[in-house]
Amino acid sequence: MISTRGSSTDPPGTEADAGIGTTWLDAPQPVLVAGRDGSVVHLNRAARLVLPETSGGDRLRDRVPSWLADAHRRIGEGTYETSAEPLAGTIGERFFEAHPTPSAGGDVVWWLVDDTGRRLAETALRSVRERSEILSEISGTLLSSLNVPRCTEVAARMAAEHLAEAAVLVAPPQGRRHPLTYARRGGPVVQEIRQVDPRTVPGLAEALQGFPPVPARWINPADIPDWVVPPGFTQPVGSVTVTPLPGHGVPAGALVLLRSGTEQAFTPGEEVFARLFAARAGAALSAARLYSEQSAITTTLMQELLPPALHSVHGVEFAGGYRPAKDHERVGGDFYDVHPGPDPSQETLVVLGDVAGKGLEAAVLTGKIRNTLQALLPLAADHGRVLRLLNGALLSSHHTRFATLVLASVRRRGGRVQLRLTSAGHLPPLIVRNDGGVEESPTRGTLIGALPTVKVHTSQTVLSAGETCLLYTDGITEARGGPLGDELFGEHRLRQALTECAGLPAEAVVERVQMLAAQWLGPGAHDDMATVAISSPRSGPLTVVRGQAGDGFPGKHTRRRNG
C-alpha cells in the first residue's frame, strides 16, 4: 500500500508524505497509517472527519481509543493474532471495525469501516425478537386461564417483570370501588378493592374510558397519589406511564407502570411496547370476564333445568335419580318434579317425563314443560285436563319435539299412601309390593305435543307401609350393554332388581336401579336415565334379624323395620 515516504519539505500527515494517489485519499471509509514507533503517519480526508484533532506525527495512543492503539502495539511486537471476528470498537459515538494491512516498511494501514448502522439494526432486530417472544409468552400465559382474578394477577406480574419495576392494574369500577392489582418485580401480587379517584392520576380516568394513553413525559411522578404505589415499593417514583387495556367493545381497565428514580425513564419505544402488551392483556381480561359472565348466566339458568333434590313430603318418601346421556352434560331430555300439596290433606303432584332428543335442545323444552305444569298446578286434580292444556301449549310453540309424561298424585291416609297415576305415552309405573311382587300400573295414554288431542286413562292404587311405586324413563330399560355389549337391560331385569328391593326406602330403590343400569351400560352412547321412587315409609328404623325381613317374607332382603 505505502511504497515511499514524502519529502521533508511537505507538511507531515499530507498525501505527499507517502506518495499516495488520489484514489486512496478519496476512499469513502476512514484510513489511518501508523508507524512502527506508534506515531500517526497519514490520515485521509474521511479519517480526519472521524479524528478531527489528529495529525501526522501525533502519538497514536494519545489520539485513538485504547482498543485500536493496543492492537497496533501488538502488531509491532508480533503478538497480534487475526481472529474470525474483526477488531472492533467505538470511536466517539460511532462503531468501527478496524482491518490492519502491514506494509514492507513497518507501517500499518488501518482501514476503519463504520459498522454503526449494522450494529444498530442488529440491536433493534434483537430487541424486536425479544419483545415478540415476550408478547408470545404473555399471550399464551394470559389466555391459558379464563379465571378473572388469576388473569389479572398474571397480567400485573408480567407487566412488572418485563415493562417496569412495578405495575398497578386498575379494573373497571364495581359501584364506587375499583378492583386494584399491585405487582412489583420480585415481590408478591396484591389484589384488593378500594374506593379511589382515578382523576388524581393524569390520564387514568381517560384510559379507563378507552381513550389513548398519555405520554410518560407529561406525567409528573411527584403528583402520583400514594394509592398507586404498590406495597413494598419504597424508592421514589421516577417515571410513570398509563396505558388503557382495550377489551371487546368496552375497556377492560388500565395499566399504570412505575419506575424508580434510579431507572431509565420510559422511552417512546417502550411506551409503544407497553401498548402492545396492554392490547393482549386487555383481550385476555375481556375474554375472561365474558366467560365469567356467561358462566354465571349458564349456572343460573342451569339451576332451573336441573332435576330437584327430593325428600319426604307430608309423610311420603320421595327419591330421584338422573344421569344425562353424555357425562360432560348436566341436563338433557329427561326430567322430574315434585310439587308438594299445601298441607297433608292435599295431594302432592309428581311429574316424570321424557322429551324426544338429548342435550341442551331437549333440556330447553323440558324447561318449558316444567314451567307450564307449574302454572297448571291449580288444575292438578284433573290429570286429563292438565295434559290437554299442556299438549295445546306445545303444539302452539315453535318446538317440533314431543314428550311422554307420567303424572302421580300422592296423598297419605293413615299408614297407607293413595296414588292416582296417569301416563301420556310413557312407560307405566311399577309397584313393588312387600312380598317382592312387582305390578304394572294399568294407566295409558297418548304422546304430548304430537297430536291435536290427548287421550289418557288414570289408574289408582294404594301403597302399604314399605311398598314403593317407581316411575322411570326408557333410558333404564333401553340401556345397551351386558356381557356382549349389545343387549338391552330390559324390563325383565328391572323387575328382577325391584323384587330384590322390596321393603327398601325410596332412596335405596333409586340408587339400586341407577347402579344396575350404569353397570349394564357398554362403552357406546346411551339415553338419559331418570327414576323417581314414591314409598310409603314404615314407622321404625331398619334392623337386621337373621337375614329375614320384618314383614315375614324371607329371602327378599336382610333388613326389616321395627314397629
# chains A, B, ... in the order shown; residues from 1 in each chain; ligands from 1
>>> select_by_dssp(residues="range 257-404 of chain A", states="alpha helix (DSSP H)", output="number ranges by chain")
A: 268-305, 359-375, 383-395
>>> closest_residue(among="A:Leu349, A:Leu516, A:Ala88, A:Leu394", to="Ile534 in chain A", atoms="only C-alpha atoms")
A:Leu349
>>> select_by_dssp(residues="range 474-552 of chain A", states="strand (DSSP E or B)", output="list in words")
Arg480, Gly481, Glu487, Leu488, Leu521, Met529, Ala530, Thr531, Val532, Ala533, Ile534, Ser535, Leu542, Thr543, Val545 and Gln548 of chain A
>>> write_last_selection(atoms="C-alpha atoms", output="short mmCIF file (atom, residue, chain, number, x, y, z; two decimals), in the first residue's frame")
data_model
loop_
_atom_site.label_atom_id
_atom_site.label_comp_id
_atom_site.auth_asym_id
_atom_site.auth_seq_id
_atom_site.Cartn_x
_atom_site.Cartn_y
_atom_site.Cartn_z
CA ARG A 480 -77.44 -51.26 25.92
CA GLY A 481 -74.53 -53.30 27.18
CA GLU A 487 -78.07 -56.39 24.80
CA LEU A 488 -80.78 -54.19 26.32
CA LEU A 521 -74.01 -49.99 30.03
CA MET A 529 -81.91 -42.07 32.54
CA ALA A 530 -84.32 -40.77 35.18
CA THR A 531 -86.09 -42.52 38.05
CA VAL A 532 -88.43 -41.38 40.81
CA ALA A 533 -89.43 -43.62 43.70
CA ILE A 534 -92.52 -42.96 45.85
CA SER A 535 -92.54 -45.00 49.07
CA LEU A 542 -84.30 -50.76 59.77
CA THR A 543 -82.66 -53.64 61.64
CA VAL A 545 -82.73 -60.04 62.03
CA GLN A 548 -85.17 -62.01 57.17
#
>>> atom_distance(atom1="CA of Thr241 in chain A", atom2="CA of Val201 in chain A")
10.1 Å
>>> closest_residue(among="A:Leu169, A:Val316, A:Val513, A:Leu376", to="Arg412 in chain A", atoms="only C-alpha atoms")
A:Val316
>>> closest_atom_pairs(of="range 363-390 of chain A", to="range 424-441 of chain A", cutoff="10 Å", atoms="only C-alpha atoms", output="CSV")
residue,atom,partner,partner_atom,distance
A:His383,CA,A:Ala424,CA,9.9
A:Gly384,CA,A:Ala424,CA,9.2
A:Leu387,CA,A:Ala424,CA,7.7
>>> write_last_selection(atoms="all heavy atoms", output="PDB file, in the first residue's frame")
ATOM      1  N   HIS A 383    -105.972 -34.853  35.941  1.00  0.00           N
ATOM      2  CA  HIS A 383    -104.782 -35.135  35.122  1.00  0.00           C
ATOM      3  C   HIS A 383    -105.068 -34.946  33.637  1.00  0.00           C
ATOM      4  O   HIS A 383    -104.225 -34.413  32.895  1.00  0.00           O
ATOM      5  CB  HIS A 383    -104.305 -36.565  35.372  1.00  0.00           C
ATOM      6  CG  HIS A 383    -103.687 -36.756  36.714  1.00  0.00           C
ATOM      7  ND1 HIS A 383    -103.146 -37.954  37.121  1.00  0.00           N
ATOM      8  CD2 HIS A 383    -103.517 -35.903  37.757  1.00  0.00           C
ATOM      9  CE1 HIS A 383    -102.674 -37.847  38.342  1.00  0.00           C
ATOM     10  NE2 HIS A 383    -102.896 -36.615  38.760  1.00  0.00           N
ATOM     11  N   GLY A 384    -106.210 -35.389  33.177  1.00  0.00           N
ATOM     12  CA  GLY A 384    -106.526 -35.284  31.755  1.00  0.00           C
ATOM     13  C   GLY A 384    -106.560 -33.847  31.289  1.00  0.00           C
ATOM     14  O   GLY A 384    -106.040 -33.515  30.213  1.00  0.00           O
ATOM     15  N   LEU A 387    -103.018 -32.414  31.070  1.00  0.00           N
ATOM     16  CA  LEU A 387    -102.270 -32.910  29.916  1.00  0.00           C
ATOM     17  C   LEU A 387    -102.804 -32.327  28.612  1.00  0.00           C
ATOM     18  O   LEU A 387    -102.028 -32.054  27.685  1.00  0.00           O
ATOM     19  CB  LEU A 387    -102.336 -34.438  29.876  1.00  0.00           C
ATOM     20  CG  LEU A 387    -101.585 -35.146  31.018  1.00  0.00           C
ATOM     21  CD1 LEU A 387    -101.855 -36.633  31.002  1.00  0.00           C
ATOM     22  CD2 LEU A 387    -100.085 -34.864  30.941  1.00  0.00           C
TER      23      LEU A 387
END
>>> closest_atom_pairs(of="range 232-341 of chain A", to="range 396-409 of chain A", cutoff="10 Å", atoms="only C-alpha atoms", output="CSV")
residue,atom,partner,partner_atom,distance
A:Gly333,CA,A:Ala403,CA,8.8
A:Asp334,CA,A:Ala403,CA,9.4
A:Phe335,CA,A:Leu405,CA,9.5
A:Tyr336,CA,A:Leu405,CA,9.4
A:Asp337,CA,A:Leu407,CA,9.9
A:Val338,CA,A:Ala408,CA,9.4
A:His339,CA,A:Ser409,CA,9.5
A:Pro340,CA,A:Ser409,CA,9.8
A:Gly341,CA,A:Ser409,CA,9.5
>>> write_last_selection(atoms="C-alpha atoms", output="short mmCIF file (atom, residue, chain, number, x, y, z; two decimals), in the first residue's frame")
data_model
loop_
_atom_site.label_atom_id
_atom_site.label_comp_id
_atom_site.auth_asym_id
_atom_site.auth_seq_id
_atom_site.Cartn_x
_atom_site.Cartn_y
_atom_site.Cartn_z
CA GLY A 333 -84.41 -34.54 27.81
CA ASP A 334 -85.49 -36.47 30.94
CA PHE A 335 -86.89 -34.59 33.92
CA TYR A 336 -88.92 -34.94 37.07
CA ASP A 337 -90.53 -32.63 39.61
CA VAL A 338 -92.38 -32.95 42.90
CA HIS A 339 -94.94 -30.24 43.72
CA PRO A 340 -95.98 -30.61 47.38
CA GLY A 341 -99.59 -30.04 48.33
#
>>> closest_residue(among="A:Thr422, A:Gln209, A:Thr366, A:Ser39", to="Val250 in chain A", atoms="only C-alpha atoms")
A:Gln209
>>> residues_around(residues="range 156-165 of chain A", least_positions_apart="6", cutoff="6 Å", atoms="only C-alpha atoms", output="JSON, numbers by chain")
{"A": [183, 184, 185, 257, 258, 259]}
>>> write_last_selection(atoms="N, CA, C and O atoms", output="PDB file, in the first residue's frame")
ATOM      1  N   ALA A 183     -48.386  -5.172  41.674  1.00  0.00           N
ATOM      2  CA  ALA A 183     -47.275  -6.105  41.473  1.00  0.00           C
ATOM      3  C   ALA A 183     -45.977  -5.305  41.409  1.00  0.00           C
ATOM      4  O   ALA A 183     -45.949  -4.205  40.850  1.00  0.00           O
ATOM      5  N   ARG A 184     -44.950  -5.850  42.000  1.00  0.00           N
ATOM      6  CA  ARG A 184     -43.617  -5.266  41.879  1.00  0.00           C
ATOM      7  C   ARG A 184     -42.624  -6.375  41.590  1.00  0.00           C
ATOM      8  O   ARG A 184     -42.836  -7.528  41.983  1.00  0.00           O
ATOM      9  N   ARG A 185     -41.564  -6.008  40.895  1.00  0.00           N
ATOM     10  CA  ARG A 185     -40.601  -7.011  40.468  1.00  0.00           C
ATOM     11  C   ARG A 185     -40.000  -7.731  41.671  1.00  0.00           C
ATOM     12  O   ARG A 185     -39.446  -7.105  42.577  1.00  0.00           O
ATOM     13  N   LEU A 257     -47.723   1.847  34.955  1.00  0.00           N
ATOM     14  CA  LEU A 257     -46.374   1.310  35.089  1.00  0.00           C
ATOM     15  C   LEU A 257     -45.501   2.325  35.817  1.00  0.00           C
ATOM     16  O   LEU A 257     -45.551   3.526  35.518  1.00  0.00           O
ATOM     17  N   LEU A 258     -44.676   1.835  36.745  1.00  0.00           N
ATOM     18  CA  LEU A 258     -43.848   2.707  37.577  1.00  0.00           C
ATOM     19  C   LEU A 258     -42.391   2.274  37.508  1.00  0.00           C
ATOM     20  O   LEU A 258     -42.091   1.080  37.512  1.00  0.00           O
ATOM     21  N   ARG A 259     -41.506   3.270  37.458  1.00  0.00           N
ATOM     22  CA  ARG A 259     -40.072   3.040  37.607  1.00  0.00           C
ATOM     23  C   ARG A 259     -39.531   4.012  38.635  1.00  0.00           C
ATOM     24  O   ARG A 259     -40.012   5.143  38.762  1.00  0.00           O
TER      25      ARG A 259
END
>>> residues_around(residues="Pro86 in chain A", least_positions_apart="5", cutoff="12 Å", atoms="only C-alpha atoms", output="PDB file with N, CA, C and O atoms, in the first residue's frame")
ATOM      1  N   LEU A  68      -7.775   0.349  19.707  1.00  0.00           N
ATOM      2  CA  LEU A  68      -7.050   0.438  18.447  1.00  0.00           C
ATOM      3  C   LEU A  68      -5.556   0.612  18.681  1.00  0.00           C
ATOM      4  O   LEU A  68      -4.717  -0.005  18.002  1.00  0.00           O
ATOM      5  N   ALA A  71      -4.017  -2.743  19.714  1.00  0.00           N
ATOM      6  CA  ALA A  71      -3.885  -3.653  18.582  1.00  0.00           C
ATOM      7  C   ALA A  71      -2.668  -3.298  17.740  1.00  0.00           C
ATOM      8  O   ALA A  71      -1.930  -4.180  17.272  1.00  0.00           O
ATOM      9  N   GLU A  81      -2.899 -11.504  16.858  1.00  0.00           N
ATOM     10  CA  GLU A  81      -3.443 -12.688  16.220  1.00  0.00           C
ATOM     11  C   GLU A  81      -4.740 -12.322  15.505  1.00  0.00           C
ATOM     12  O   GLU A  81      -5.632 -11.699  16.093  1.00  0.00           O
ATOM     13  N   PHE A  96     -16.826   1.149  14.847  1.00  0.00           N
ATOM     14  CA  PHE A  96     -15.997   0.851  13.676  1.00  0.00           C
ATOM     15  C   PHE A  96     -15.374  -0.524  13.802  1.00  0.00           C
ATOM     16  O   PHE A  96     -15.062  -0.993  14.899  1.00  0.00           O
ATOM     17  N   GLU A  97     -15.205  -1.155  12.632  1.00  0.00           N
ATOM     18  CA  GLU A  97     -14.349  -2.323  12.518  1.00  0.00           C
ATOM     19  C   GLU A  97     -13.006  -1.847  11.960  1.00  0.00           C
ATOM     20  O   GLU A  97     -12.965  -1.022  11.045  1.00  0.00           O
ATOM     21  N   ALA A  98     -11.903  -2.361  12.509  1.00  0.00           N
ATOM     22  CA  ALA A  98     -10.555  -1.954  12.085  1.00  0.00           C
ATOM     23  C   ALA A  98      -9.841  -3.130  11.441  1.00  0.00           C
ATOM     24  O   ALA A  98      -9.695  -4.186  12.065  1.00  0.00           O
ATOM     25  N   HIS A  99      -9.435  -2.970  10.180  1.00  0.00           N
ATOM     26  CA  HIS A  99      -8.752  -4.033   9.430  1.00  0.00           C
ATOM     27  C   HIS A  99      -7.322  -3.569   9.132  1.00  0.00           C
ATOM     28  O   HIS A  99      -7.119  -2.628   8.359  1.00  0.00           O
ATOM     29  N   PRO A 100      -6.298  -4.223   9.724  1.00  0.00           N
ATOM     30  CA  PRO A 100      -4.909  -3.790   9.519  1.00  0.00           C
ATOM     31  C   PRO A 100      -4.296  -4.393   8.256  1.00  0.00           C
ATOM     32  O   PRO A 100      -4.571  -5.536   7.897  1.00  0.00           O
ATOM     33  N   TRP A 111      -7.683   0.280   8.068  1.00  0.00           N
ATOM     34  CA  TRP A 111      -8.919   0.590   7.338  1.00  0.00           C
ATOM     35  C   TRP A 111     -10.081   0.542   8.343  1.00  0.00           C
ATOM     36  O   TRP A 111     -10.350  -0.497   8.939  1.00  0.00           O
ATOM     37  N   LEU A 112     -10.708   1.641   8.526  1.00  0.00           N
ATOM     38  CA  LEU A 112     -11.808   1.747   9.500  1.00  0.00           C
ATOM     39  C   LEU A 112     -13.144   1.721   8.758  1.00  0.00           C
ATOM     40  O   LEU A 112     -13.429   2.585   7.937  1.00  0.00           O
ATOM     41  N   VAL A 113     -13.932   0.697   9.068  1.00  0.00           N
ATOM     42  CA  VAL A 113     -15.234   0.525   8.424  1.00  0.00           C
ATOM     43  C   VAL A 113     -16.329   0.865   9.441  1.00  0.00           C
ATOM     44  O   VAL A 113     -16.413   0.238  10.507  1.00  0.00           O
ATOM     45  N   ASP A 115     -19.443   0.570  11.165  1.00  0.00           N
ATOM     46  CA  ASP A 115     -20.411  -0.523  11.326  1.00  0.00           C
ATOM     47  C   ASP A 115     -21.580  -0.114  12.228  1.00  0.00           C
ATOM     48  O   ASP A 115     -22.334  -0.968  12.701  1.00  0.00           O
TER      49      ASP A 115
END
>>> residues_around(residues="Pro212 in chain A", least_positions_apart="5", cutoff="12 Å", atoms="only C-alpha atoms", output="list in words")
Gly203, Leu204, Ala205, Glu206, Ala207, Thr241, Val242, Thr243, Pro244, Leu245, Pro246, Pro251, Ala254, Glu271, Val272, Arg275, Ala278 and Ala279 of chain A
>>> atom_distance(atom1="CA of Gln29 in chain A", atom2="CA of Glu122 in chain A")
21.0 Å
>>> atom_distance(atom1="CA of Ala47 in chain A", atom2="CA of Val31 in chain A")
5.6 Å
>>> residues_around(residues="Pro308 in chain A", least_positions_apart="2", cutoff="10 Å", atoms="only C-alpha atoms", output="MDAnalysis selection string")
chainID A and resid 303:306 310:311 319:322 335:338
>>> closest_residue(among="A:Thr300, A:Asn391, A:Thr499, A:Thr477", to="Gly449 in chain A", atoms="only C-alpha atoms")
A:Asn391
